[in-house]
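Enquirer: Just so it is clear, I am handing over coords_28.cif, which has mmCIF, C-alpha atoms.
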```
data_entry
loop_
_atom_site.group_PDB
_atom_site.id
_atom_site.type_symbol
_atom_site.label_atom_id
_atom_site.label_comp_id
_atom_site.auth_asym_id
_atom_site.auth_seq_id
_atom_site.Cartn_x
_atom_site.Cartn_y
_atom_site.Cartn_z
ATOM 1 C CA MET A 227 53.202 47.849 121.859
ATOM 2 C CA SER A 228 52.409 44.149 122.165
ATOM 3 C CA ASP A 229 51.724 42.302 118.935
ATOM 4 C CA LEU A 230 48.510 41.075 120.613
ATOM 5 C CA VAL A 231 47.132 44.609 121.106
ATOM 6 C CA ARG A 232 45.986 46.607 118.094
ATOM 7 C CA GLU A 233 46.793 50.301 117.814
ATOM 8 C CA LEU A 234 43.835 52.643 118.195
ATOM 9 C CA PRO A 235 42.106 52.991 114.785
ATOM 10 C CA LEU A 236 41.625 56.560 113.551
ATOM 11 C CA THR A 237 37.849 56.119 113.527
ATOM 12 C CA ALA A 238 37.389 54.181 116.772
ATOM 13 C CA VAL A 239 36.734 57.010 119.252
ATOM 14 C CA ARG A 240 32.989 57.673 119.299
ATOM 15 C CA SER A 241 33.210 60.180 122.168
ATOM 16 C CA ILE A 242 35.571 61.636 124.734
ATOM 17 C CA ARG A 243 35.016 62.658 128.335
ATOM 18 C CA ILE A 244 37.482 65.350 129.341
ATOM 19 C CA GLN A 245 38.194 66.726 132.796
ATOM 20 C CA GLY A 246 40.032 69.970 133.513
ATOM 21 C CA LEU A 247 38.961 71.947 130.447
ATOM 22 C CA ALA A 248 35.869 73.827 131.654
ATOM 23 C CA THR A 249 34.270 75.018 134.889
ATOM 24 C CA ASP A 250 30.669 75.692 135.833
ATOM 25 C CA PRO A 251 29.449 79.086 137.157
ATOM 26 C CA SER A 252 30.601 78.125 140.669
ATOM 27 C CA GLY A 253 34.169 77.606 139.455
ATOM 28 C CA GLU A 254 34.112 73.808 139.813
ATOM 29 C CA PHE A 255 35.631 71.745 137.025
ATOM 30 C CA VAL A 256 33.073 69.735 135.093
ATOM 31 C CA GLU A 257 33.552 66.642 132.995
ATOM 32 C CA LEU A 258 32.610 67.372 129.402
ATOM 33 C CA ARG A 259 31.191 64.590 127.261
ATOM 34 C CA MET A 260 32.039 65.397 123.656
ATOM 35 C CA PRO A 261 30.579 63.151 120.932
ATOM 36 C CA ARG A 262 32.373 62.695 117.659
ATOM 37 C CA THR A 263 31.166 65.300 115.169
ATOM 38 C CA GLN A 264 31.208 65.229 111.388
ATOM 39 C CA ALA A 265 33.999 67.247 109.843
ATOM 40 C CA GLU A 266 33.258 69.942 107.301
ATOM 41 C CA THR A 267 34.600 70.017 103.758
ATOM 42 C CA PRO A 268 38.172 71.313 103.895
ATOM 43 C CA ARG A 269 39.061 74.686 102.457
ATOM 44 C CA ASN A 270 39.157 74.460 98.679
ATOM 45 C CA GLU A 271 39.395 76.742 95.695
ATOM 46 C CA THR A 272 39.122 76.346 91.942
ATOM 47 C CA PHE A 273 41.454 78.923 90.454
ATOM 48 C CA LYS A 274 40.789 80.603 87.122
ATOM 49 C CA TYR A 275 43.696 80.653 84.713
ATOM 50 C CA GLU A 276 44.852 82.082 81.412
ATOM 51 C CA GLU A 277 44.818 79.806 78.395
ATOM 52 C CA ASP A 278 48.613 79.711 78.150
ATOM 53 C CA LEU A 279 48.778 78.337 81.723
ATOM 54 C CA ALA A 280 46.098 75.683 81.219
ATOM 55 C CA HIS A 281 48.650 72.865 81.439
ATOM 56 C CA PHE A 282 49.237 73.802 85.114
ATOM 57 C CA TYR A 283 45.577 73.459 86.145
ATOM 58 C CA HIS A 284 42.754 70.945 86.171
ATOM 59 C CA GLN A 285 39.505 72.304 84.772
ATOM 60 C CA GLU A 286 37.654 71.158 87.892
ATOM 61 C CA LEU A 287 38.576 70.632 91.520
ATOM 62 C CA PRO A 288 39.968 67.118 92.056
ATOM 63 C CA PRO A 289 37.839 64.862 94.277
ATOM 64 C CA ILE A 290 38.198 65.537 97.994
ATOM 65 C CA ASN A 291 38.813 62.384 100.011
ATOM 66 C CA LEU A 292 36.319 61.695 102.779
ATOM 67 C CA PRO A 293 37.403 60.312 106.161
ATOM 68 C CA SER A 294 36.775 56.637 106.767
ATOM 69 C CA SER A 295 33.550 55.731 108.527
ATOM 70 C CA PRO A 296 33.712 54.214 112.033
ATOM 71 C CA LEU A 297 33.140 50.474 112.300
ATOM 72 C CA PRO A 298 30.529 49.678 114.989
ATOM 73 C CA HIS A 299 32.581 46.871 116.602
ATOM 74 C CA GLU A 300 35.582 49.190 117.017
ATOM 75 C CA LEU A 301 33.893 52.094 118.807
ATOM 76 C CA THR A 302 35.317 53.206 122.139
ATOM 77 C CA GLU A 303 35.061 56.131 124.545
ATOM 78 C CA LEU A 304 38.139 57.796 126.011
ATOM 79 C CA HIS A 305 38.241 59.415 129.447
ATOM 80 C CA LEU A 306 40.838 62.203 129.329
ATOM 81 C CA GLU A 307 42.393 64.656 131.746
ATOM 82 C CA LEU A 308 43.753 67.946 130.417
ATOM 83 C CA GLY A 309 47.524 68.091 130.796
ATOM 84 C CA THR A 310 50.116 70.761 130.036
ATOM 85 C CA PRO A 311 49.969 73.359 127.243
ATOM 86 C CA THR A 312 52.246 72.891 124.241
ATOM 87 C CA SER A 313 51.170 75.908 122.160
ATOM 88 C CA GLY A 314 48.435 78.482 121.970
ATOM 89 C CA ASN A 315 47.351 81.848 120.583
ATOM 90 C CA LYS A 316 44.080 83.799 120.367
ATOM 91 C CA ARG A 317 42.505 81.229 118.039
ATOM 92 C CA HIS A 318 43.344 77.931 119.653
ATOM 93 C CA ALA A 319 45.305 76.172 122.373
ATOM 94 C CA VAL A 320 47.031 72.795 122.218
ATOM 95 C CA TYR A 321 47.335 70.659 125.358
ATOM 96 C CA SER A 322 48.630 67.208 126.114
ATOM 97 C CA VAL A 323 46.024 64.891 127.633
ATOM 98 C CA LYS A 324 46.269 61.901 129.932
ATOM 99 C CA VAL A 325 44.140 58.895 129.051
ATOM 100 C CA MET A 326 42.397 57.886 132.279
ATOM 101 C CA GLN A 327 40.224 55.068 130.989
ATOM 102 C CA PRO A 328 39.256 53.736 127.569
ATOM 103 C CA THR A 329 35.866 52.035 127.390
ATOM 104 C CA PRO A 330 36.297 49.276 126.365
ATOM 105 C CA PRO A 331 40.120 48.992 126.856
ATOM 106 C CA ASP A 332 40.789 47.097 123.641
ATOM 107 C CA PHE A 333 43.485 49.198 121.950
ATOM 108 C CA TYR A 334 47.003 50.497 122.443
ATOM 109 C CA ILE A 335 46.648 54.267 122.791
ATOM 110 C CA PRO A 336 49.680 56.474 122.062
ATOM 111 C CA PRO A 337 50.343 59.801 123.817
ATOM 112 C CA LEU A 338 47.656 62.264 122.700
ATOM 113 C CA MET A 339 47.002 65.994 122.544
ATOM 114 C CA VAL A 340 43.924 68.128 121.927
ATOM 115 C CA LYS A 341 43.638 71.245 119.806
ATOM 116 C CA ILE A 342 40.953 73.441 121.370
ATOM 117 C CA ALA A 343 39.090 76.174 119.471
ATOM 118 C CA THR A 344 38.850 79.349 121.545
ATOM 119 C CA THR A 345 36.878 81.614 119.190
ATOM 120 C CA ALA A 346 33.870 81.167 116.924
ATOM 121 C CA ARG A 347 36.072 81.604 113.865
ATOM 122 C CA ALA A 348 38.490 79.017 115.205
ATOM 123 C CA SER A 349 35.606 76.565 115.664
ATOM 124 C CA GLN A 350 34.760 76.885 111.977
ATOM 125 C CA ASN A 351 38.426 76.509 111.023
ATOM 126 C CA LEU A 352 38.775 73.431 113.233
ATOM 127 C CA ALA A 353 35.861 71.728 111.468
ATOM 128 C CA ARG A 354 37.551 72.403 108.107
ATOM 129 C CA GLU A 355 40.897 71.243 109.464
ATOM 130 C CA ALA A 356 39.236 67.979 110.490
ATOM 131 C CA GLY A 357 38.060 67.698 106.880
ATOM 132 C CA MET A 358 41.617 68.223 105.642
ATOM 133 C CA TYR A 359 42.852 65.438 107.924
ATOM 134 C CA GLY A 360 40.202 63.299 106.248
ATOM 135 C CA HIS A 361 41.503 64.274 102.810
ATOM 136 C CA ILE A 362 45.065 63.252 103.765
ATOM 137 C CA GLU A 363 44.026 60.291 105.911
ATOM 138 C CA ALA A 364 46.448 58.014 104.068
ATOM 139 C CA LEU A 365 49.299 60.333 105.087
ATOM 140 C CA GLN A 366 48.454 60.491 108.788
ATOM 141 C CA GLY A 367 51.304 58.941 110.732
ATOM 142 C CA VAL A 368 53.444 59.523 107.634
ATOM 143 C CA LEU A 369 53.920 63.294 107.324
ATOM 144 C CA ALA A 370 51.092 64.570 109.562
ATOM 145 C CA PRO A 371 49.818 63.543 112.997
ATOM 146 C CA ARG A 372 47.260 60.806 113.336
ATOM 147 C CA CYS A 373 43.888 62.474 113.918
ATOM 148 C CA TYR A 374 41.447 60.508 116.071
ATOM 149 C CA GLY A 375 38.446 62.722 115.484
ATOM 150 C CA TYR A 376 36.666 66.030 115.807
ATOM 151 C CA PHE A 377 34.538 66.432 118.941
ATOM 152 C CA ARG A 378 32.079 69.021 120.237
ATOM 153 C CA ALA A 379 30.219 69.821 123.456
ATOM 154 C CA GLU A 380 27.286 72.277 123.457
ATOM 155 C CA ARG A 381 25.045 73.779 126.128
ATOM 156 C CA GLU A 382 21.432 74.673 125.420
ATOM 157 C CA HIS A 383 21.267 76.902 128.505
ATOM 158 C CA GLY A 384 24.055 78.780 130.242
ATOM 159 C CA THR A 385 27.772 78.712 129.541
ATOM 160 C CA TRP A 386 31.002 77.095 130.629
ATOM 161 C CA HIS A 387 34.074 79.064 131.623
ATOM 162 C CA VAL A 388 37.298 78.148 129.839
ATOM 163 C CA LYS A 389 40.705 79.507 130.857
ATOM 164 C CA LEU A 390 43.692 78.341 128.855
ATOM 165 C CA VAL A 391 47.363 79.248 128.679
ATOM 166 C CA ARG A 392 48.366 81.320 125.682
ATOM 167 C CA THR A 393 51.985 80.543 124.838
ATOM 168 C CA THR A 394 52.307 82.594 121.661
ATOM 169 C CA LEU A 395 51.529 86.295 121.269
ATOM 170 C CA ASP A 396 50.333 85.846 117.698
ATOM 171 C CA THR A 397 49.417 89.033 115.870
ATOM 172 C CA SER A 398 48.804 87.527 112.434
ATOM 173 C CA SER A 399 46.018 88.899 110.280
ATOM 174 C CA THR A 400 43.819 85.832 110.832
ATOM 175 C CA GLU A 401 43.374 86.956 114.442
ATOM 176 C CA SER A 402 41.429 90.022 113.337
ATOM 177 C CA GLU A 403 38.886 88.191 111.174
ATOM 178 C CA PRO A 404 35.300 89.113 112.146
ATOM 179 C CA GLU A 405 33.670 86.562 114.414
ATOM 180 C CA PRO A 406 30.426 84.893 113.312
ATOM 181 C CA ASP A 407 27.497 85.026 115.684
ATOM 182 C CA GLY A 408 27.196 82.435 118.410
ATOM 183 C CA VAL A 409 29.589 80.146 120.258
ATOM 184 C CA ILE A 410 31.420 82.810 122.236
ATOM 185 C CA LYS A 411 29.131 84.570 124.689
ATOM 186 C CA GLU A 412 31.622 86.847 126.355
ATOM 187 C CA TYR A 413 35.267 87.784 126.099
ATOM 188 C CA VAL A 414 36.748 88.217 129.577
ATOM 189 C CA ALA A 415 39.555 90.759 130.087
ATOM 190 C CA GLU A 416 42.795 88.912 130.710
ATOM 191 C CA ASP A 417 46.526 89.142 130.927
ATOM 192 C CA PRO A 418 48.317 88.394 127.620
ATOM 193 C CA THR A 419 49.346 84.880 128.699
ATOM 194 C CA THR A 420 45.843 83.474 129.103
ATOM 195 C CA ILE A 421 42.649 82.954 127.134
ATOM 196 C CA SER A 422 39.585 83.347 129.348
ATOM 197 C CA ARG A 423 36.109 82.985 127.837
ATOM 198 C CA GLU A 424 32.497 82.175 128.573
ATOM 199 C CA VAL A 425 31.336 79.681 125.945
ATOM 200 C CA ASP A 426 28.309 77.583 125.082
ATOM 201 C CA ARG A 427 30.218 75.376 122.667
ATOM 202 C CA ILE A 428 33.677 73.787 122.769
ATOM 203 C CA ASP A 429 35.327 72.112 119.771
ATOM 204 C CA VAL A 430 38.472 69.967 119.856
ATOM 205 C CA LEU A 431 40.585 67.823 117.571
ATOM 206 C CA LEU A 432 42.092 64.722 119.181
ATOM 207 C CA LEU A 433 45.570 64.201 117.770
ATOM 208 C CA GLU A 434 48.650 62.067 118.178
ATOM 209 C CA LYS A 435 51.202 63.917 120.318
ATOM 210 C CA MET A 436 54.283 64.987 118.377
ATOM 211 C CA GLY A 437 57.960 65.174 119.280
ATOM 212 C CA ASP A 438 60.035 68.337 119.604
ATOM 213 C CA HIS A 439 60.568 71.203 117.178
ATOM 214 C CA LEU A 440 63.826 71.393 115.300
ATOM 215 C CA PRO A 441 66.289 73.512 117.312
ATOM 216 C CA LYS A 442 66.431 77.174 116.302
ATOM 217 C CA LYS A 443 69.646 78.878 115.117
ATOM 218 C CA GLN A 444 71.268 75.550 114.292
ATOM 219 C CA PRO A 445 71.953 74.019 110.877
ATOM 220 C CA VAL A 446 69.239 71.712 109.572
ATOM 221 C CA SER A 447 70.657 68.350 108.518
ATOM 222 C CA GLY A 448 70.742 67.405 104.871
ATOM 223 C CA GLU A 449 68.487 64.447 105.651
ATOM 224 C CA HIS A 450 65.860 66.747 107.145
ATOM 225 C CA ILE A 451 66.070 69.162 104.203
ATOM 226 C CA ILE A 452 65.454 66.261 101.814
ATOM 227 C CA GLU A 453 62.473 65.196 103.940
ATOM 228 C CA MET A 454 61.018 68.710 103.965
ATOM 229 C CA ASN A 455 61.130 68.808 100.185
ATOM 230 C CA ASN A 456 59.762 65.288 99.742
ATOM 231 C CA ILE A 457 56.857 66.092 102.070
ATOM 232 C CA ARG A 458 56.193 69.201 99.983
ATOM 233 C CA ILE A 459 55.963 66.957 96.916
ATOM 234 C CA GLU A 460 53.667 64.428 98.621
ATOM 235 C CA LEU A 461 51.230 67.159 99.698
ATOM 236 C CA ALA A 462 51.308 68.619 96.184
ATOM 237 C CA GLU A 463 50.371 65.232 94.745
ATOM 238 C CA GLN A 464 47.234 65.366 96.904
ATOM 239 C CA HIS A 465 46.503 68.848 95.434
ATOM 240 C CA VAL A 466 47.047 70.418 98.870
ATOM 241 C CA VAL A 467 48.285 73.986 99.307
ATOM 242 C CA TYR A 468 49.629 73.900 102.869
ATOM 243 C CA ASN A 469 49.763 77.701 103.341
ATOM 244 C CA ASP A 470 51.465 77.729 106.754
ATOM 245 C CA TRP A 471 55.142 76.885 106.297
ATOM 246 C CA ARG A 472 56.376 78.081 109.700
ATOM 247 C CA ALA A 473 58.982 76.661 112.064
ATOM 248 C CA ALA A 474 56.287 76.321 114.742
ATOM 249 C CA ASN A 475 54.419 73.876 112.480
ATOM 250 C CA LEU A 476 57.350 71.541 111.802
ATOM 251 C CA MET A 477 57.995 68.899 114.453
ATOM 252 C CA ARG A 478 59.782 65.621 114.888
ATOM 253 C CA ALA A 479 57.819 62.387 114.748
ATOM 254 C CA PRO A 480 56.924 61.033 118.193
ATOM 255 C CA GLU A 481 59.425 58.773 119.886
ATOM 256 C CA SER A 482 58.310 55.161 119.597
ATOM 257 C CA PRO A 483 57.535 53.761 122.099
ATOM 258 C CA PRO A 484 55.434 55.156 123.725
ATOM 259 C CA GLY A 485 54.360 56.793 120.454
ATOM 260 C CA LEU A 486 53.431 54.783 117.405
ATOM 261 C CA PRO A 487 56.079 54.089 114.750
ATOM 262 C CA SER A 488 56.102 56.121 111.558
ATOM 263 C CA LYS A 489 54.261 54.548 108.646
ATOM 264 C CA PRO A 490 55.760 54.397 105.157
ATOM 265 C CA SER A 491 54.030 56.617 102.632
ATOM 266 C CA PRO A 492 51.522 54.568 100.608
ATOM 267 C CA TYR A 493 52.527 56.622 97.563
ATOM 268 C CA SER A 494 56.342 56.844 97.748
ATOM 269 C CA GLY A 495 57.269 54.224 100.348
ATOM 270 C CA ARG A 496 59.318 56.834 102.229
ATOM 271 C CA VAL A 497 59.419 56.921 106.036
ATOM 272 C CA TYR A 498 59.766 60.408 107.517
ATOM 273 C CA GLN A 499 61.260 61.659 110.780
ATOM 274 C CA LEU A 500 59.371 64.971 110.483
ATOM 275 C CA ARG A 501 55.725 65.970 110.713
ATOM 276 C CA TYR A 502 53.813 69.065 109.617
ATOM 277 C CA ILE A 503 51.023 70.104 111.955
ATOM 278 C CA ASP A 504 48.270 72.735 111.872
ATOM 279 C CA PHE A 505 46.266 72.223 108.662
ATOM 280 C CA GLU A 506 43.604 74.850 109.416
ATOM 281 C CA HIS A 507 44.757 77.067 106.510
ATOM 282 C CA ALA A 508 45.523 74.254 104.052
ATOM 283 C CA MET A 509 43.306 73.931 100.998
ATOM 284 C CA VAL A 510 42.604 71.580 98.115
ATOM 285 C CA THR A 511 42.938 73.264 94.727
ATOM 286 C CA ASN A 512 42.771 72.553 91.019
ATOM 287 C CA MET A 513 46.481 73.333 90.588
ATOM 288 C CA LYS A 514 48.434 70.388 89.233
ATOM 289 C CA PRO A 515 51.185 68.937 91.452
ATOM 290 C CA GLU A 516 54.022 70.369 89.358
ATOM 291 C CA LEU A 517 52.762 73.921 89.924
ATOM 292 C CA LEU A 518 52.150 73.307 93.624
ATOM 293 C CA GLU A 519 55.670 71.943 93.985
ATOM 294 C CA LEU A 520 57.113 75.058 92.371
ATOM 295 C CA THR A 521 55.069 77.485 94.441
ATOM 296 C CA ALA A 522 56.023 75.716 97.692
ATOM 297 C CA ARG A 523 59.745 75.569 96.894
ATOM 298 C CA ASP A 524 60.428 79.139 98.014
ATOM 299 C CA CYS A 525 58.374 78.494 101.144
ATOM 300 C CA ILE A 526 60.762 75.706 102.121
ATOM 301 C CA VAL A 527 63.728 78.051 101.622
ATOM 302 C CA ASP A 528 62.064 80.640 103.848
ATOM 303 C CA LEU A 529 61.244 77.974 106.408
ATOM 304 C CA LEU A 530 64.860 76.830 106.549
ATOM 305 C CA ASN A 531 66.027 80.409 106.987
ATOM 306 C CA SER A 532 63.598 80.966 109.840
ATOM 307 C CA ILE A 533 64.809 77.832 111.636
ATOM 308 C CA GLN A 534 68.514 78.409 111.119
ATOM 309 C CA HIS A 535 68.811 82.182 111.436
ATOM 310 C CA THR A 536 65.962 83.616 113.556
#
```
Could you take the file, read its structure, and then write that structure out as structure tokens?
Expert:
Amino acid sequence: MSDLVRELPLTAVRSIRIQGLATDPSGEFVELRMPRTQAETPRNETFKYEEDLAHFYHQELPPINLPSSPLPHELTELHLELGTPTSGNKRHAVYSVKVMQPTPPDFYIPPLMVKIATTARASQNLAREAGMYGHIEALQGVLAPRCYGYFRAEREHGTWHVKLVRTTLDTSSTESEPEPDGVIKEYVAEDPTTISREVDRIDVLLLEKMGDHLPKKQPVSGEHIIEMNNIRIELAEQHVVYNDWRAANLMRAPESPPGLPSKPSPYSGRVYQLRYIDFEHAMVTNMKPELLELTARDCIVDLLNSIQHT
């Protein structure tokens, strides 16, 4: 990245135009214009506690950080083309995207990906996940991907058809949650490797593209183990319960260039080679960091075992 070109600010994308995601009733791909949409408050919970455990809890929920507001002179629109799938299950699909044209072309744009909600429940979760990225905005590019916004397209009349590759046969309990009314008009019978739906609303997160997963059935380096534990501590200090410590959600930082370099943590000064992704189940709580650190410690042990032995 040239020193004369600024990296794309997190708040700069006012809208995206994306080709290759949806078709009209005739089967022709349509370009979707998706304006930036306000994120919802992230998942949060104020736990009750016994008096003898009061030193582990705040009486009230700590303040939830709000995402920065866009600056009018920085706003841009990105023209994107859907690329290849990187992951997907019944709730969402993640695809790389190719940037065809930024308007205006004022910023250096790293490789990007979109996380696409494929159910009504997933749309709600994605809005909360966008809120969680706002809460940890200072740690984007540090221990989590940079998030360039939450975007939505809606139709007042009719539907779009969306067919996406499903790379993971996920049977977790969250898949069976009841769907709220709206958003999904019809579920189309499909083979188990695809998601095929008629929708009147499409929600996406625009994210920095990550590197690879850590290799399975191989020892994790001591340096990476230290990072995993330090990231656990940094999230705890933001009162975040991550809730999804799985090998699929731990990735390497993007290679730079073409990706952006890792930022040092504004809290610890550490620079990490790893990133946690998928914050849809994360929540802000009134637990103090020392309790959150303890509760997440066993999760890291389980995560290491799943990487090295399964």
Enquirer: Using the chain letters and numbers from the file, which residues does the PyMOL selection byres ((chain A and resi 310-314) around 12) grab, as a PyMOL selection string?
Expert: chain A and resi 246-247+307-309+315-324+338-344+389-396+418-421+435-439+474-475+503-504
Enquirer: Can you spell out as a list in words the set of residues that the PyMOL selection byres ((chain A and resi 298) around 12) selects in the structure I just provided?
Expert: Thr237, Ala238, Val239, Arg240, Ser295, Pro296, Leu297, His299, Glu300, Leu301 and Thr302 of chain A
Enquirer: For region 469-471 of chain A, list every protein, DNA or RNA residue within 12 Å, evaluated using all atoms listed in the file, and leave out those in the same chain fewer than 2 positions away; present the list as a PDB file with C-alpha atoms, in the frame of the given file.
Expert:
```pdb
ATOM      1  CA  ARG A 269      39.061  74.686 102.457  1.00  0.00           C
ATOM      2  CA  SER A 398      48.804  87.527 112.434  1.00  0.00           C
ATOM      3  CA  THR A 400      43.819  85.832 110.832  1.00  0.00           C
ATOM      4  CA  MET A 454      61.018  68.710 103.965  1.00  0.00           C
ATOM      5  CA  ASN A 455      61.130  68.808 100.185  1.00  0.00           C
ATOM      6  CA  ILE A 457      56.857  66.092 102.070  1.00  0.00           C
ATOM      7  CA  ARG A 458      56.193  69.201  99.983  1.00  0.00           C
ATOM      8  CA  LEU A 461      51.230  67.159  99.698  1.00  0.00           C
ATOM      9  CA  ALA A 462      51.308  68.619  96.184  1.00  0.00           C
ATOM     10  CA  VAL A 466      47.047  70.418  98.870  1.00  0.00           C
ATOM     11  CA  VAL A 467      48.285  73.986  99.307  1.00  0.00           C
ATOM     12  CA  ALA A 473      58.982  76.661 112.064  1.00  0.00           C
ATOM     13  CA  ALA A 474      56.287  76.321 114.742  1.00  0.00           C
ATOM     14  CA  ASN A 475      54.419  73.876 112.480  1.00  0.00           C
ATOM     15  CA  LEU A 476      57.350  71.541 111.802  1.00  0.00           C
ATOM     16  CA  MET A 477      57.995  68.899 114.453  1.00  0.00           C
ATOM     17  CA  ARG A 501      55.725  65.970 110.713  1.00  0.00           C
ATOM     18  CA  TYR A 502      53.813  69.065 109.617  1.00  0.00           C
ATOM     19  CA  ILE A 503      51.023  70.104 111.955  1.00  0.00           C
ATOM     20  CA  ASP A 504      48.270  72.735 111.872  1.00  0.00           C
ATOM     21  CA  PHE A 505      46.266  72.223 108.662  1.00  0.00           C
ATOM     22  CA  GLU A 506      43.604  74.850 109.416  1.00  0.00           C
ATOM     23  CA  HIS A 507      44.757  77.067 106.510  1.00  0.00           C
ATOM     24  CA  ALA A 508      45.523  74.254 104.052  1.00  0.00           C
ATOM     25  CA  MET A 509      43.306  73.931 100.998  1.00  0.00           C
ATOM     26  CA  VAL A 510      42.604  71.580  98.115  1.00  0.00           C
ATOM     27  CA  THR A 511      42.938  73.264  94.727  1.00  0.00           C
ATOM     28  CA  LEU A 518      52.150  73.307  93.624  1.00  0.00           C
ATOM     29  CA  THR A 521      55.069  77.485  94.441  1.00  0.00           C
ATOM     30  CA  ALA A 522      56.023  75.716  97.692  1.00  0.00           C
ATOM     31  CA  ARG A 523      59.745  75.569  96.894  1.00  0.00           C
ATOM     32  CA  ASP A 524      60.428  79.139  98.014  1.00  0.00           C
ATOM     33  CA  CYS A 525      58.374  78.494 101.144  1.00  0.00           C
ATOM     34  CA  ILE A 526      60.762  75.706 102.121  1.00  0.00           C
ATOM     35  CA  VAL A 527      63.728  78.051 101.622  1.00  0.00           C
ATOM     36  CA  ASP A 528      62.064  80.640 103.848  1.00  0.00           C
ATOM     37  CA  LEU A 529      61.244  77.974 106.408  1.00  0.00           C
ATOM     38  CA  LEU A 530      64.860  76.830 106.549  1.00  0.00           C
ATOM     39  CA  ASN A 531      66.027  80.409 106.987  1.00  0.00           C
ATOM     40  CA  SER A 532      63.598  80.966 109.840  1.00  0.00           C
ATOM     41  CA  ILE A 533      64.809  77.832 111.636  1.00  0.00           C
TER      42      ILE A 533
END
```
Enquirer: Please determine, counting all atoms listed in the file, which residue among A:Glu276, A:Glu434, A:Asp429, A:Asp250 has the shortest atom-to-atom distance to Glu233 (chain A).
Expert: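 Selected residue with least distance to Glu233 (chain A): A:Glu434.
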Enquirer: Identify which of the residues A:Asn291, A:Ser447, A:Asn456, A:Gln366 lies closest to Leu486 (chain A), counting all atoms listed in the file when measuring atom-to-atom distances.
Expert: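 Counting all atoms listed in the file, the residue closest to Leu486 (chain A) is A:Gln366.
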Enquirer: Mind checking which residues fall within 6 Å of region 374-376 of chain A, counting only C-alpha atoms, ignoring those fewer than 3 positions away in the same chain, and posting them as a ChimeraX atom specification?
Expert: /A:236,262-263,430-433
Enquirer: Tell me, in Å to one decimal, how far CA of Pro492 (chain A) is from CA of Ala356 (chain A).
Expert: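 Interatomic distance here is 20.7 Å.
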Enquirer: Please evaluate the PyMOL selection byres ((chain A and resi 266) around 6) against the structure above and give the resulting residues as a list of chain:residue names.
Expert: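 After applying the PyMOL selection byres ((chain A and resi 266) around 6), what remains is A:Ala265, A:Thr267, A:Ala353, A:Arg354, A:Gly357.
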Enquirer: What does the structure give for the distance between CA of Leu292 (chain A) and CA of Pro268 (chain A), in Å to one decimal?
Expert: 9.9 Å
Enquirer: Using CA of His535 (chain A) and CA of Lys443 (chain A) as the two end points, give the distance in Å to one decimal.
Expert: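 Answer for the CA of His535 (chain A) to CA of Lys443 (chain A) separation: 5.0 Å.
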Enquirer: Which residue is closest to Gln464 (chain A)? Choose from A:Ala370, A:Ala248, A:Met513, A:Ile451 and count all atoms listed in the file.
Expert: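 Result for the nearest residue to Gln464 (chain A): A:Met513.
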Enquirer: Select, from A:Ser491, A:Gln327, A:Gln285, A:Ser294, the residue with the minimum atom-to-atom distance to Tyr359 (chain A), counting all atoms listed in the file.
Expert: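 Nearest to Tyr359 (chain A): A:Ser294.
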Enquirer: Using only C-alpha atoms, which of the listed residues (A:Leu369, A:Asn512, A:Leu520, A:Val231) sits closest to Phe273 (chain A)?
Expert: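 Between A:Leu369, A:Asn512, A:Leu520, A:Val231, the residue approaching Phe273 (chain A) most closely is A:Asn512.
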Enquirer: Rank nothing, just name the residue among A:Ser241, A:Gln499, A:Gln534, A:Thr345 nearest to Arg378 (chain A), using only C-alpha atoms.
Expert: A:Ser241
Enquirer: N, CA, C and O atoms are needed for region 452-458 of chain A; please write them out as a short mmCIF file (atom, residue, chain, number, x, y, z; two decimals), keeping the file's coordinate frame.
Expert:
```
data_model
loop_
_atom_site.label_atom_id
_atom_site.label_comp_id
_atom_site.auth_asym_id
_atom_site.auth_seq_id
_atom_site.Cartn_x
_atom_site.Cartn_y
_atom_site.Cartn_z
N ILE A 452 66.02 67.15 102.83
CA ILE A 452 65.45 66.26 101.81
C ILE A 452 64.03 65.87 102.20
O ILE A 452 63.11 65.87 101.36
N GLU A 453 63.82 65.55 103.48
CA GLU A 453 62.47 65.20 103.94
C GLU A 453 61.49 66.34 103.74
O GLU A 453 60.36 66.14 103.28
N MET A 454 61.91 67.56 104.10
CA MET A 454 61.02 68.71 103.96
C MET A 454 60.57 68.87 102.52
O MET A 454 59.40 69.16 102.24
N ASN A 455 61.48 68.67 101.59
CA ASN A 455 61.13 68.81 100.18
C ASN A 455 60.28 67.64 99.68
O ASN A 455 59.36 67.83 98.89
N ASN A 456 60.57 66.44 100.16
CA ASN A 456 59.76 65.29 99.74
C ASN A 456 58.34 65.38 100.29
O ASN A 456 57.37 65.01 99.61
N ILE A 457 58.20 65.89 101.52
CA ILE A 457 56.86 66.09 102.07
C ILE A 457 56.10 67.13 101.25
O ILE A 457 54.90 66.98 100.98
N ARG A 458 56.80 68.18 100.85
CA ARG A 458 56.19 69.20 99.98
C ARG A 458 55.63 68.55 98.72
O ARG A 458 54.51 68.86 98.28
#
```
